[in-house]
Amino acid sequence: MKNKRSKLCNCDNPFLNFTFCILILEFVLCCSASAAAADEKMTVIKGGDLYTITSGIIKNGTILIKDGKISGIGQNIDIPKDAEVIDAKGKVVMPGLVAATTLLMGLRSSGEINKIADSLDPFDFEFSLALASGVTTAFVTATPPRRRGMPSGENPIGGTNAVIKMAYGDLDNMLIKEPVAENVSISNRQWLGKTNFLLNLRKAKDYLQKLAEYQKARDKDKKLEEPKKPADLDPYIRLLRRELPARVEGATADDILAALELVDEFGIRIILEGCLEAWIVAQEIAKRDVSLIITPRDKQEPRKDISGPSGSTMANAAILKKAGVRFAIVPQGPYFGLGGMAGRDLMTLPMEAAFAVSGGLDEQTALEAITLTAAQILGVADRVGSLQVGKDADIIILDGHPFHYRSFVELTLINGKILYDKKQSTYFSHITHDN
Amino acid sequence: MAVKKNRIYILLCLSSVWLPSKSYGEEITAIKADRIDTVTSGLIENGVIVIRGGKISAIGADVKIPSTANIIDARDKTVFPGLVNPCSVVGLSGSPGGEPASHPHYRVADELYPFQDAYRRILQAGFTTLGLTPGGNGIAGQGAIVRPVGRTPEAMLITESGLLMIRFEANDKAKKVITDAFESAKKQTDSADPKVKPLVRALQGEIPTLVRCGGPGATMHLLPLLKPYEKMKWVLVAGPENYRIAEKLAKAKIPVVLPAQIDFEEFTRNRINVPKILAEAGVKIACVPIMDNAEGHEDFLRQMAELTKGGLDKETAKKSMTIYPAQMLALDYRLGSLEVGKDANLLILSADPLEVGAKIHQVMLEGKIVYRAP
């Protein structure tokens, strides 16, 4: 194996080998991105098994792509004469994967980032790794969740976030939406932050109530004064008006129940991250409009100070599904990188979902958890997450089932343009399976 | 002892180096050289340059030498225009850093100190023009275009107006600072306010604007940001990775200042000649020393030679250190090539400047020999 690799790159150091490939890939990406821009021809993906997510698997199907969108999909579709045809015979064709959480991805700015759109670096090398991993859409935040290093403090809310596409080199086509949620950092163990959060939320609720009363009575009594908007409560007002959901970290059952209380008291929308004890309170979660982002391979021992069930189980996802809870799946390391432990970061996102299948979840739900459901939770399901007419042509072609450990992404398209080709990129082109 | 030495040095400077142009009168100098590289109109063999009042009055192979002329014999030598570094911070206070802000009223000219050894060494390295730029993020202030020698700060200045310096990083604050400043200046074109006037002049293209910007991603944020200001003549002072958007820069016709450096591709030891890539894409480039200090300037011709060895076209390499930076500073009517009417800023070298080992024998600044190699 080592010999083979050395021959390919004339280099004995496997790390250099890999990084050497990346540069070439970036060149390829750069060229293809600019070349495709002028090309208005229709693109057709022909002959693959289409994992549509929304309407099952279409065997030997065809996808038409026009102006970056899916314009047709099915088995008996006429292929326009001058179309550019991608032969996907024997391959798996599915929507690009959606990463519901990432850690400070693609942002380059030394200072504080208040607007992600203004700091995106389309040449960030993480985007090329994402494309090679089949991820085409990701949630990015300028202030990562507490678990990932955000200093806990008195201010439990703040920082912007966005959903972006991995359109390497193409700044104009990266941003889908900003912001998509309020970053909230509350935990029973961070009592001061949580106390402030509750105080502010009540203050904001008070204000909204008074405002509503004033608006009702305004016509009858012209002397009434409009209630003054309290300072610095805009994010809380957005939450109460349900304009944005709150992204809340909650690993344990008591954290989750505390978050559910917020839903009951204030009617806000909540996205819960972590949730390794969600299986314990699955029924409670299912009663409310709450979405989860889970990591099936997160492990934790049962707690000795709790009577009753605690700790993690590999059946977490399956139990949540049975209860009717909506969830997306992300890996432990929510980043694309060359360091760390292989198989635990976003470069192998399907492996995380496959582990949920090991724990009893059905394959369809597991696939949804890294495509459509993730897109729904992020609020961008109108654009991405499934193979449907009208959606963005963000498509990946794999040489096998996405949950098989041997499968690789062969082509990645964003807006109908090929931004990654395994054969040409040499990222993984030296990896072949002989039998 | 040290004080005494300094005094002697200052006296030497005063007496030998620089005289204001008024005193030239009709002093005539003629240089007879084997090779005169005009940069803009080819090589003249066995040529003559006649200099009157600090300016080139005649140049060519069959130029008559006036009988009153002092003759500089440069047989076996090559004459080349003085080098121009459009963007340097040598001899200036360090960058204040911090959040992006707008300080268009700040002038480098007010902190110039001529008697710094670095300037002497830079002049001896062949640089007759420097664009000195202020530090600071956002709109950093007004840079000065100077001769690296002079009795007083004023005597160093080549132009009164200088240039506008911006440092840009891709974030909302930097964008807001820049947009707010220009949008407000646009509405006060007659203002004499020192905080507004430089912006107005930059907007109208009366002074050049230099924008230092990190990677290609940041440049992609910068291009649309400055696009509305059509008359503005701005130059990108870029990091090495901008080769990724060479086509875009060429299309937008944005000139680029960059270090004369063979770089490495990210994560590899693959060498990459960024000036060559940009030039071949059609971008107008100006090369500056890799290190912005005296040593860097002394090493500059070797750095340029290495770029040409690595495939950068020689003609382009020569222009990228003379006429192109002069154009970027909007001083190409005075500097950057050997042409009739231009300042007699020139170098007398032992060989072609891009030949490794070429030695600078003499440096002439506006008609005066300001350096003779020992």
# chains A, B, ... in the order shown; residues from 1 in each chain; ligands from 1

call {"tool": "closest_atom_pairs", "arguments": {"of": "region 33-97 of chain B", "to": "region 203-227 of chain B", "cutoff": "12 Å", "atoms": "only C-alpha atoms", "output": "JSON lines"}}
result
{"residue": "B:Pro86", "atom": "CA", "partner": "B:Leu210", "partner_atom": "CA", "distance": 8.9}
{"residue": "B:Cys87", "atom": "CA", "partner": "B:Leu210", "partner_atom": "CA", "distance": 8.0}
{"residue": "B:Ser88", "atom": "CA", "partner": "B:Leu210", "partner_atom": "CA", "distance": 11.1}

call {"tool": "write_last_selection", "arguments": {"atoms": "C-alpha atoms", "output": "PDB file, in the first residue's frame"}}
result
ATOM      1  CA  PRO B  86       5.113  52.121  -4.440  1.00  0.00           C
ATOM      2  CA  CYS B  87       4.285  50.736  -1.010  1.00  0.00           C
ATOM      3  CA  SER B  88       6.674  50.724   1.902  1.00  0.00           C
TER       4      SER B  88
END

call {"tool": "select_by_dssp", "arguments": {"residues": "region 25-227 of chain B", "states": "strand (DSSP E)", "output": "JSON, numbers by chain"}}
result
{"B": [28, 29, 30, 31, 32, 33, 34, 35, 36, 37, 43, 44, 45, 46, 47, 48, 49, 50, 51, 52, 55, 56, 57, 58, 59, 60, 70, 71, 72, 73, 74, 75, 76, 77, 78, 79, 80, 81, 83, 84, 85, 86, 87, 88, 101, 102, 127, 128, 129, 130, 131, 132, 138, 139, 140, 141, 142, 143, 144, 145, 146, 163, 164, 165, 166, 167, 168, 209, 210, 211, 212, 213]}

call {"tool": "interface_residues", "arguments": {"of": "chain B", "to": "chain A", "cutoff": "9 Å", "atoms": "only C-alpha atoms", "output": "PyMOL selection string"}}
result
chain B and resi 98-99+169-173+175+215-218+220-221+244-245+265-270

call {"tool": "residues_around", "arguments": {"residues": "Leu312 (chain B)", "least_positions_apart": "4", "cutoff": "9 Å", "atoms": "only C-alpha atoms", "output": "ChimeraX atom specification"}}
result
/B:273,275-277,279-280,304,306-308,316-317

call {"tool": "closest_residue", "arguments": {"among": "B:Val363, B:Ile72, B:Met321, B:Ala344", "to": "Leu301 (chain B)", "atoms": "only C-alpha atoms"}}
result
B:Met321

call {"tool": "residues_around", "arguments": {"residues": "Ile270 (chain A)", "least_positions_apart": "6", "cutoff": "8 Å", "atoms": "only C-alpha atoms", "output": "VMD selection string"}}
result
chain A and resid 245 to 248 259 263 289 to 291
